[in-house]
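Below is data22.cif, which holds mmCIF, C-alpha atoms.
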```cif
data_final
#
loop_
_atom_site.group_PDB
_atom_site.id
_atom_site.type_symbol
_atom_site.label_atom_id
_atom_site.label_comp_id
_atom_site.auth_asym_id
_atom_site.auth_seq_id
_atom_site.Cartn_x
_atom_site.Cartn_y
_atom_site.Cartn_z
ATOM 1 C CA MET A 105 -21.407 -70.658 16.428
ATOM 2 C CA LYS A 106 -18.021 -72.335 16.774
ATOM 3 C CA LYS A 107 -18.254 -75.803 15.200
ATOM 4 C CA ILE A 108 -19.885 -76.713 11.889
ATOM 5 C CA LEU A 109 -19.868 -80.385 10.906
ATOM 6 C CA LEU A 110 -20.023 -81.293 7.223
ATOM 7 C CA ILE A 111 -21.193 -84.834 6.401
ATOM 8 C CA LEU A 112 -19.574 -86.592 3.426
ATOM 9 C CA ASP A 113 -19.287 -90.088 2.024
ATOM 10 C CA GLY A 114 -15.561 -90.589 2.542
ATOM 11 C CA ARG A 115 -15.226 -92.229 -0.879
ATOM 12 C CA LYS A 116 -17.137 -89.576 -2.863
ATOM 13 C CA TYR A 117 -15.860 -86.013 -2.720
ATOM 14 C CA ASP A 118 -18.551 -83.327 -3.022
ATOM 15 C CA ARG A 119 -16.783 -80.065 -3.865
ATOM 16 C CA ASP A 120 -19.993 -78.002 -4.003
ATOM 17 C CA ALA A 121 -20.968 -79.068 -0.475
ATOM 18 C CA VAL A 122 -17.452 -78.336 0.809
ATOM 19 C CA CYS A 123 -17.382 -74.853 -0.784
ATOM 20 C CA PHE A 124 -20.820 -74.056 0.624
ATOM 21 C CA ALA A 125 -19.937 -75.247 4.137
ATOM 22 C CA ALA A 126 -16.617 -73.371 4.029
ATOM 23 C CA ASP A 127 -18.376 -70.147 3.056
ATOM 24 C CA VAL A 128 -20.891 -70.529 5.906
ATOM 25 C CA ALA A 129 -18.052 -71.233 8.345
ATOM 26 C CA LYS A 130 -16.139 -68.171 7.172
ATOM 27 C CA GLU A 131 -19.230 -65.972 7.493
ATOM 28 C CA ASN A 132 -19.749 -67.167 11.072
ATOM 29 C CA GLY A 133 -16.083 -67.233 12.098
ATOM 30 C CA ALA A 134 -16.460 -70.944 12.871
ATOM 31 C CA ARG A 135 -14.264 -74.000 12.490
ATOM 32 C CA LEU A 136 -15.357 -76.427 9.788
ATOM 33 C CA SER A 137 -15.075 -80.129 10.590
ATOM 34 C CA VAL A 138 -15.818 -82.865 8.091
ATOM 35 C CA LEU A 139 -16.992 -86.358 8.961
ATOM 36 C CA LEU A 140 -15.673 -88.712 6.267
ATOM 37 C CA ILE A 141 -17.785 -91.841 6.567
ATOM 38 C CA GLN A 142 -16.869 -95.342 5.472
ATOM 39 C CA ASP A 143 -20.179 -97.176 5.343
ATOM 40 C CA THR A 144 -19.981 -100.671 6.838
ATOM 41 C CA SER A 145 -23.722 -101.332 6.962
ATOM 42 C CA VAL A 146 -23.550 -103.297 3.702
ATOM 43 C CA LEU A 147 -21.039 -105.692 5.270
ATOM 44 C CA HIS A 148 -23.347 -106.251 8.251
ATOM 45 C CA ALA A 149 -26.304 -106.791 5.923
ATOM 46 C CA GLN A 150 -24.416 -109.467 3.992
ATOM 47 C CA SER A 151 -23.497 -111.413 7.132
ATOM 48 C CA GLU A 152 -25.118 -114.841 7.310
ATOM 49 C CA VAL A 153 -26.282 -117.062 10.158
ATOM 50 C CA ARG A 154 -24.697 -120.507 9.864
ATOM 51 C CA LEU A 155 -24.687 -123.762 11.822
ATOM 52 C CA LEU A 156 -21.455 -125.387 13.099
ATOM 53 C CA ALA A 157 -21.411 -128.465 15.328
ATOM 54 C CA GLY A 158 -25.023 -127.850 16.214
ATOM 55 C CA GLN A 159 -24.325 -124.246 17.261
ATOM 56 C CA MET A 160 -25.563 -121.178 15.406
ATOM 57 C CA TYR A 161 -23.083 -118.399 14.642
ATOM 58 C CA VAL A 162 -22.919 -115.319 12.445
ATOM 59 C CA GLU A 163 -20.447 -115.400 9.573
ATOM 60 C CA GLU A 164 -19.367 -111.799 9.055
ATOM 61 C CA ILE A 165 -18.189 -110.397 5.746
ATOM 62 C CA VAL A 166 -14.742 -108.878 6.218
ATOM 63 C CA LEU A 167 -12.800 -106.741 3.742
ATOM 64 C CA THR A 168 -9.412 -108.020 2.690
ATOM 65 C CA PRO A 169 -6.398 -105.891 3.709
ATOM 66 C CA GLU A 170 -6.014 -104.875 0.052
ATOM 67 C CA GLU A 171 -9.653 -103.765 -0.203
ATOM 68 C CA GLN A 172 -9.444 -101.778 3.036
ATOM 69 C CA GLN A 173 -6.189 -100.153 1.939
ATOM 70 C CA GLN A 174 -7.789 -99.041 -1.341
ATOM 71 C CA ILE A 175 -10.691 -97.491 0.571
ATOM 72 C CA GLU A 176 -8.285 -95.739 2.952
ATOM 73 C CA GLU A 177 -6.406 -94.281 -0.013
ATOM 74 C CA GLU A 178 -9.645 -92.977 -1.576
ATOM 75 C CA ILE A 179 -10.680 -91.346 1.694
ATOM 76 C CA GLY A 180 -7.178 -89.930 2.125
ATOM 77 C CA LYS A 181 -7.323 -88.206 -1.264
ATOM 78 C CA ASN A 182 -10.710 -86.684 -0.446
ATOM 79 C CA GLU A 183 -9.460 -85.616 2.967
ATOM 80 C CA ALA A 184 -6.549 -83.774 1.312
ATOM 81 C CA LEU A 185 -8.944 -82.071 -1.143
ATOM 82 C CA PHE A 186 -11.074 -80.892 1.777
ATOM 83 C CA HIS A 187 -8.125 -79.277 3.539
ATOM 84 C CA GLU A 188 -6.980 -77.632 0.296
ATOM 85 C CA GLU A 189 -10.466 -76.185 -0.219
ATOM 86 C CA CYS A 190 -10.598 -74.875 3.352
ATOM 87 C CA ALA A 191 -7.182 -73.220 2.962
ATOM 88 C CA GLN A 192 -8.303 -71.514 -0.250
ATOM 89 C CA CYS A 193 -11.465 -70.260 1.460
ATOM 90 C CA GLY A 194 -9.537 -69.007 4.491
ATOM 91 C CA VAL A 195 -11.217 -71.208 7.097
ATOM 92 C CA VAL A 196 -9.827 -73.628 9.664
ATOM 93 C CA GLY A 197 -10.597 -77.182 8.566
ATOM 94 C CA HIS A 198 -10.602 -80.331 10.692
ATOM 95 C CA SER A 199 -11.258 -83.851 9.454
ATOM 96 C CA VAL A 200 -12.518 -87.001 11.165
ATOM 97 C CA ARG A 201 -12.648 -90.459 9.592
ATOM 98 C CA ALA A 202 -15.249 -92.894 10.875
ATOM 99 C CA LYS A 203 -16.341 -96.431 9.992
ATOM 100 C CA GLY A 204 -19.784 -97.752 10.817
ATOM 101 C CA ILE A 205 -23.477 -97.288 10.105
ATOM 102 C CA PRO A 206 -23.741 -93.716 8.689
ATOM 103 C CA ILE A 207 -26.858 -92.532 10.517
ATOM 104 C CA ASP A 208 -25.555 -93.774 13.874
ATOM 105 C CA LEU A 209 -22.256 -91.952 13.350
ATOM 106 C CA VAL A 210 -23.958 -88.703 12.346
ATOM 107 C CA VAL A 211 -26.442 -88.640 15.240
ATOM 108 C CA ARG A 212 -23.618 -89.252 17.732
ATOM 109 C CA GLU A 213 -21.486 -86.447 16.264
ATOM 110 C CA SER A 214 -24.447 -84.045 16.091
ATOM 111 C CA ARG A 215 -24.769 -84.025 19.882
ATOM 112 C CA PHE A 216 -21.475 -82.147 20.088
ATOM 113 C CA SER A 217 -21.819 -79.902 17.025
ATOM 114 C CA ASP A 218 -23.424 -76.489 16.642
ATOM 115 C CA MET A 219 -24.805 -77.273 13.183
ATOM 116 C CA LEU A 220 -24.646 -80.013 10.545
ATOM 117 C CA VAL A 221 -24.263 -79.300 6.843
ATOM 118 C CA VAL A 222 -25.308 -82.030 4.419
ATOM 119 C CA SER A 223 -26.320 -82.254 0.775
ATOM 120 C CA PRO A 224 -29.951 -83.419 0.396
ATOM 121 C CA LEU A 225 -28.632 -85.808 -2.282
ATOM 122 C CA LEU A 226 -26.192 -87.627 0.014
ATOM 123 C CA THR A 227 -26.825 -91.352 0.067
ATOM 124 C CA PHE A 228 -24.973 -94.540 0.883
ATOM 125 C CA ALA A 229 -27.402 -96.570 -1.230
ATOM 126 C CA ASP A 230 -28.499 -96.495 -4.853
ATOM 127 C CA GLU A 231 -31.284 -93.911 -4.728
ATOM 128 C CA LYS A 232 -32.058 -90.508 -6.215
ATOM 129 C CA GLY A 233 -34.708 -89.050 -3.901
ATOM 130 C CA VAL A 234 -34.601 -85.416 -2.749
ATOM 131 C CA PRO A 235 -33.940 -85.592 0.110
ATOM 132 C CA THR A 236 -32.632 -89.153 0.241
ATOM 133 C CA HIS A 237 -33.755 -91.596 2.929
ATOM 134 C CA PHE A 238 -30.410 -91.106 4.669
ATOM 135 C CA VAL A 239 -30.851 -87.318 4.834
ATOM 136 C CA THR A 240 -34.440 -87.743 6.035
ATOM 137 C CA ASP A 241 -33.092 -89.891 8.882
ATOM 138 C CA VAL A 242 -30.496 -87.188 9.649
ATOM 139 C CA LEU A 243 -33.212 -84.520 9.812
ATOM 140 C CA THR A 244 -35.218 -86.675 12.192
ATOM 141 C CA GLY A 245 -32.407 -87.794 14.461
ATOM 142 C CA ALA A 246 -29.932 -84.902 14.529
ATOM 143 C CA GLU A 247 -29.469 -83.256 17.915
ATOM 144 C CA CYS A 248 -28.488 -79.888 16.464
ATOM 145 C CA PRO A 249 -29.754 -77.720 13.574
ATOM 146 C CA VAL A 250 -29.210 -79.000 10.035
ATOM 147 C CA LEU A 251 -28.431 -76.884 6.974
ATOM 148 C CA LEU A 252 -29.202 -78.543 3.646
ATOM 149 C CA ALA A 253 -26.658 -77.476 1.042
ATOM 150 C CA PRO A 254 -27.732 -76.420 -2.468
ATOM 151 C CA GLU A 255 -26.309 -78.113 -5.555
ATOM 152 C CA VAL A 256 -25.125 -74.764 -6.911
ATOM 153 C CA TYR A 257 -24.331 -72.204 -4.250
ATOM 154 C CA GLU A 258 -24.795 -68.458 -4.593
ATOM 155 C CA ALA A 259 -24.198 -65.961 -1.790
ATOM 156 C CA VAL A 260 -27.316 -65.615 0.375
ATOM 157 C CA LYS A 261 -28.976 -62.213 -0.001
ATOM 158 C CA GLU A 262 -32.401 -62.860 1.544
ATOM 159 C CA ILE A 263 -33.842 -65.052 4.304
ATOM 160 C CA ILE A 264 -37.279 -66.668 3.902
ATOM 161 C CA VAL A 265 -39.013 -67.863 7.074
ATOM 162 C CA ALA A 266 -41.889 -70.351 6.908
ATOM 163 C CA TYR A 267 -44.034 -69.542 9.938
ATOM 164 C CA ASP A 268 -47.385 -70.949 11.043
ATOM 165 C CA GLY A 269 -47.417 -69.759 14.650
ATOM 166 C CA SER A 270 -46.422 -73.194 15.926
ATOM 167 C CA LYS A 271 -43.839 -74.092 18.546
ATOM 168 C CA SER A 272 -41.772 -75.828 15.865
ATOM 169 C CA ALA A 273 -41.665 -72.776 13.601
ATOM 170 C CA ALA A 274 -40.823 -70.424 16.475
ATOM 171 C CA PHE A 275 -38.037 -72.712 17.674
ATOM 172 C CA ALA A 276 -36.513 -72.880 14.191
ATOM 173 C CA ILE A 277 -36.301 -69.106 13.739
ATOM 174 C CA ARG A 278 -34.854 -68.651 17.242
ATOM 175 C CA GLN A 279 -32.202 -71.270 16.504
ATOM 176 C CA PHE A 280 -31.375 -69.579 13.226
ATOM 177 C CA ALA A 281 -30.910 -66.213 14.947
ATOM 178 C CA GLN A 282 -28.580 -67.794 17.507
ATOM 179 C CA VAL A 283 -26.585 -70.092 15.246
ATOM 180 C CA MET A 284 -26.468 -67.983 12.060
ATOM 181 C CA ALA A 285 -26.329 -64.515 13.644
ATOM 182 C CA PRO A 286 -24.276 -62.850 10.845
ATOM 183 C CA TYR A 287 -27.088 -63.663 8.392
ATOM 184 C CA CYS A 288 -29.615 -61.700 10.450
ATOM 185 C CA ASN A 289 -28.439 -58.477 8.782
ATOM 186 C CA ARG A 290 -29.953 -59.596 5.476
ATOM 187 C CA PRO A 291 -33.558 -58.805 4.478
ATOM 188 C CA VAL A 292 -36.064 -61.291 5.898
ATOM 189 C CA LYS A 293 -39.483 -62.259 4.530
ATOM 190 C CA VAL A 294 -41.774 -64.145 6.887
ATOM 191 C CA LEU A 295 -44.336 -66.292 5.063
ATOM 192 C CA ARG A 296 -47.091 -66.466 7.662
ATOM 193 C CA ILE A 297 -49.193 -69.443 6.607
ATOM 194 C CA THR A 298 -52.652 -70.195 7.979
ATOM 195 C CA GLU A 299 -54.100 -73.563 7.086
ATOM 196 C CA GLU A 300 -57.439 -73.128 5.359
ATOM 197 C CA GLY A 301 -60.162 -73.794 7.920
ATOM 198 C CA GLY A 302 -57.570 -74.021 10.679
ATOM 199 C CA ASP A 303 -57.295 -72.126 13.943
ATOM 200 C CA LYS A 304 -56.672 -68.383 13.811
ATOM 201 C CA TYR A 305 -53.437 -66.974 15.139
ATOM 202 C CA ASP A 306 -53.283 -66.073 18.805
ATOM 203 C CA GLU A 307 -53.111 -62.265 18.761
ATOM 204 C CA ARG A 308 -50.863 -62.053 21.831
ATOM 205 C CA ASN A 309 -48.442 -64.553 20.287
ATOM 206 C CA GLU A 310 -48.320 -62.442 17.153
ATOM 207 C CA VAL A 311 -47.442 -59.325 19.148
ATOM 208 C CA LEU A 312 -44.699 -61.223 20.962
ATOM 209 C CA PHE A 313 -43.389 -62.671 17.695
ATOM 210 C CA GLU A 314 -43.105 -59.309 15.963
ATOM 211 C CA ASP A 315 -41.521 -57.747 19.033
ATOM 212 C CA TRP A 316 -38.926 -60.548 19.093
ATOM 213 C CA MET A 317 -38.227 -60.130 15.371
ATOM 214 C CA LYS A 318 -37.348 -56.457 15.927
ATOM 215 C CA PHE A 319 -34.550 -57.438 18.305
ATOM 216 C CA HIS A 320 -32.893 -59.835 15.861
ATOM 217 C CA PHE A 321 -33.577 -58.658 12.310
ATOM 218 C CA LYS A 322 -33.001 -55.143 11.003
ATOM 219 C CA ASP A 323 -35.096 -55.509 7.876
ATOM 220 C CA TYR A 324 -38.082 -57.845 7.880
ATOM 221 C CA SER A 325 -41.564 -58.016 6.407
ATOM 222 C CA ILE A 326 -44.482 -60.405 6.911
ATOM 223 C CA ILE A 327 -46.569 -61.778 4.055
ATOM 224 C CA SER A 328 -49.769 -63.657 4.962
ATOM 225 C CA PHE A 329 -51.023 -66.714 3.099
ATOM 226 C CA VAL A 330 -54.034 -68.978 3.578
ATOM 227 C CA GLY A 331 -53.771 -72.546 2.386
ATOM 228 C CA ASN A 332 -51.797 -75.745 2.597
ATOM 229 C CA ALA A 333 -48.207 -75.012 3.683
ATOM 230 C CA ARG A 334 -46.858 -77.502 1.144
ATOM 231 C CA ASP A 335 -48.585 -75.734 -1.745
ATOM 232 C CA VAL A 336 -47.831 -72.222 -0.463
ATOM 233 C CA LEU A 337 -44.092 -72.872 -0.233
ATOM 234 C CA PHE A 338 -43.931 -74.596 -3.599
ATOM 235 C CA ASN A 339 -45.881 -71.858 -5.385
ATOM 236 C CA TYR A 340 -43.890 -69.102 -3.699
ATOM 237 C CA PHE A 341 -40.539 -70.424 -4.873
ATOM 238 C CA MET A 342 -41.873 -71.297 -8.322
ATOM 239 C CA GLU A 343 -43.057 -67.713 -8.821
ATOM 240 C CA GLU A 344 -40.054 -65.938 -7.290
ATOM 241 C CA ASN A 345 -37.026 -64.793 -9.261
ATOM 242 C CA GLU A 346 -33.400 -65.205 -8.182
ATOM 243 C CA ASN A 347 -34.217 -68.065 -5.810
ATOM 244 C CA ASN A 348 -30.541 -69.035 -5.710
ATOM 245 C CA TYR A 349 -29.889 -66.036 -3.485
ATOM 246 C CA LYS A 350 -32.371 -67.120 -0.798
ATOM 247 C CA LEU A 351 -32.180 -69.307 2.303
ATOM 248 C CA LEU A 352 -35.283 -70.966 3.781
ATOM 249 C CA VAL A 353 -35.802 -71.364 7.539
ATOM 250 C CA ALA A 354 -38.517 -73.770 8.643
ATOM 251 C CA GLY A 355 -39.752 -75.969 11.461
ATOM 252 C CA ALA A 356 -38.419 -79.467 11.111
ATOM 253 C CA PHE A 357 -38.911 -83.160 11.509
ATOM 254 C CA GLY A 358 -39.888 -83.985 15.079
ATOM 255 C CA ARG A 359 -38.883 -87.231 16.739
ATOM 256 C CA ASN A 360 -42.433 -88.467 17.148
ATOM 257 C CA ALA A 361 -44.226 -86.670 14.362
ATOM 258 C CA VAL A 362 -43.356 -84.710 11.247
ATOM 259 C CA SER A 363 -44.086 -80.985 11.475
ATOM 260 C CA ARG A 364 -46.577 -79.161 9.310
ATOM 261 C CA PHE A 365 -43.972 -77.689 6.993
ATOM 262 C CA PHE A 366 -41.961 -80.822 6.344
ATOM 263 C CA LYS A 367 -44.506 -83.524 5.781
ATOM 264 C CA PRO A 368 -43.311 -86.170 3.316
ATOM 265 C CA GLY A 369 -43.128 -84.553 -0.103
ATOM 266 C CA THR A 370 -42.862 -80.930 1.005
ATOM 267 C CA THR A 371 -39.065 -80.843 1.219
ATOM 268 C CA ASP A 372 -38.960 -82.605 -2.128
ATOM 269 C CA LEU A 373 -41.156 -79.945 -3.730
ATOM 270 C CA VAL A 374 -39.300 -76.986 -2.227
ATOM 271 C CA LEU A 375 -35.888 -78.310 -3.244
ATOM 272 C CA LYS A 376 -37.119 -78.985 -6.774
ATOM 273 C CA ALA A 377 -38.762 -75.566 -7.069
ATOM 274 C CA ALA A 378 -35.608 -73.783 -5.898
ATOM 275 C CA ASP A 379 -32.076 -75.021 -5.386
ATOM 276 C CA ILE A 380 -31.554 -73.146 -2.120
ATOM 277 C CA PRO A 381 -30.078 -73.792 1.330
ATOM 278 C CA VAL A 382 -32.667 -74.900 3.894
ATOM 279 C CA PHE A 383 -32.094 -74.400 7.634
ATOM 280 C CA ILE A 384 -33.977 -76.941 9.743
ATOM 281 C CA ALA A 385 -34.130 -77.232 13.518
ATOM 282 C CA HIS A 386 -36.297 -79.183 15.941
ATOM 283 C CA SER A 387 -36.485 -79.148 19.715
#
```
Could you render the structure as C-alpha cells?
Amino acid sequence: MKKILLILDGRKYDRDAVCFAADVAKENGARLSVLLIQDTSVLHAQSEVRLLAGQMYVEEIVLTPEEQQQIEEEIGKNEALFHEECAQCGVVGHSVRAKGIPIDLVVRESRFSDMLVVSPLLTFADEKGVPTHFVTDVLTGAECPVLLAPEVYEAVKEIIVAYDGSKSAAFAIRQFAQVMAPYCNRPVKVLRITEEGGDKYDERNEVLFEDWMKFHFKDYSIISFVGNARDVLFNYFMEENENNYKLLVAGAFGRNAVSRFFKPGTTDLVLKAADIPVFIAHS
C-alpha cells in the first residue's frame, strides 16, 4: 500500500483520527494524504428559485469574502496541525483542500487511493449516529477499502475476521491481506458464522479458504458460530476483554444491496460494543 487518504472536515480537527491514520501509514510504509473538506452543500440547499421578468432563475447563496477568508484560516490551522502530527509520527504527510458536496469529493478521491481512513462519527450535519449517514454513504460508494478509525486508538495486537463463506467476506479478507500486509503477522481469529437454518458451507470452499489462509497468516484459528451475524458479532465483542487491541475485518456495503454482516444496525452495535478499527471492503 502506498497511499492512504484520511477524510476530515476541514474546519474541525480530529487529532485521534490523524494519530490513528499516521500510525497505520507508518506501519505500512505508506504516504498519508488528508482531504480537508469545506462543505458547500448547505449553500446549495439554501438556494432559492425566483422569478424575474417572467423568467425563472436560481438565486444562489454566496459567502462574503470575509466569511470565506475566515473559513480558509480555520482550514489552514488544521492543515498545519496535520503536518505537525505527521512529522512527529515520522510519516510523509500530504494535504488537499477541496470545496463541494462531501460525499461526491470522497468517492472521486477514493478511485485513486489505496485505502480511506475515516472516523465513524464524521458528519457535516447535526447528527450523532454511529456510523453517521455521511460515513454510511462513504462505505457504500467508496471505490477502495475503508478503515473506520476508533475514538481511542491502541496498537492492534489481534485481527478478527467475520466470515460467512460469502463472496463479500472472502473479498474483504483478501483485500486486507493485500492492503494491510504488515498486520498479517498478528494472531488472527476467524469467526465463521452460519445463519441458523441457512445453507451449510461448501466443503471444497472451506478447504480452499483454509489453504489460502496458510499462505497469508502465520497464526490463525477458526471459531464456528451458528446464529444471526449481527448478534454473534455483538455478543463476541461484549464478552471479550481488551477489545481496544483488536481490528475487525468484514464484508461490506454493496452498491445494490447491503451485505449480511453490515445490515443497518450491525455496524452500530459492533462499534458500541467495542471501540475498535473496522476494515471494510466491497467489490
Care to translate the PyMOL selection byres ((chain A and resi 380) around 7) into actual residues of this file, as a ChimeraX atom specification? /A:254,347-348,350-351,375,378-379,381-382
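Close contacts of A:Gly269, defined as residues with an atom at most 10 Å away when counting only C-alpha atoms, with chain neighbours fewer than 4 positions off set aside, comprise Ala273, Ala274, Arg296, Ile297, Thr298, Lys304, Tyr305, Asp306, Asn309, Glu310 and Phe313 of chain A.
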Exercise: A:Ala202 partners within 8 Å, only C-alpha atoms, chain neighbours under 2 positions left out, as an MDAnalysis selection string: chainID A and resid 139:142 200 204 209
Determine the residue membership of the PyMOL selection byres ((chain A and resi 211) around 8) for the file above and supply it as a ChimeraX atom specification. /A:207-210,212-215,242,245-247
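Applied to this file, the PyMOL selection byres ((chain A and resi 114) around 9) selects Ile111, Leu112, Asp113, Arg115, Lys116, Tyr117, Leu139, Leu140, Ile141, Gln142, Asp143, Ile175, Glu176, Glu178, Ile179, Gly180, Asn182, Glu183, Arg201 and Ala202 of chain A.
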With distances taken over all atoms listed in the file, which of A:His187, A:His237, A:Met342, A:Phe319 is nearest to A:Cys288? A:Phe319
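Between atom CA of A:Tyr287 and atom CA of A:Val256 there is a distance of 19.0 Å.
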Taking (-22.9, -67.6, -4.1) in the file's coordinates, which residues come within 9 Å, counting all atoms listed in the file, written as a VMD selection string? chain A and resid 124 127 256 to 260 348 to 349
From atom CA of A:Ala281 to atom CA of A:Met219 the spacing works out at 12.8 Å
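Taking all atoms listed in the file into account, A:Val122 lies nearest to A:Phe186 out of the set A:Phe280, A:Phe329, A:Phe186, A:Phe238.
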Correct to one decimal, the distance atom CA of A:Lys293-atom CA of A:Ser217 is 27.9 Å
Which residue out of A:Ile327, A:Thr144, A:Trp316, A:Ala266 has the minimum interatomic distance to A:Arg278 when only C-alpha atoms are used? A:Trp316
Pick the closest to A:Glu343 from A:Val374, A:Leu243, A:Leu312, A:Leu110: which is it, counting all atoms listed in the file? A:Val374
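Each of A:Gly233, A:Pro224, A:Pro206, A:Pro291 was compared to A:Leu252 using all atoms listed in the file, and A:Pro224 turns out to be the nearest.
Considering all atoms listed in the file, the residue among A:Val166, A:Cys193, A:Ile205, A:Ile264 positioned nearest to A:Phe341 is A:Ile264.
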Pick out the residues sitting within 9 Å of A:Pro235, and hand them over as a PyMOL selection string; count only C-alpha atoms, and ignore anything fewer than 3 positions along from it in its own chain. chain A and resi 223-226+232+238-240+371-372+375
Produce the centre coordinates and the three edge lengths, each in Å to one decimal, of the box along x, y and z that contains all listed atoms of stretch 194-203 of chain A with 8 Å added on each side, as AutoDock Vina command-line options.
```
--center_x -12.9 --center_y -82.7 --center_z 7.8 --size_x 22.8 --size_y 43.4 --size_z 22.7
```
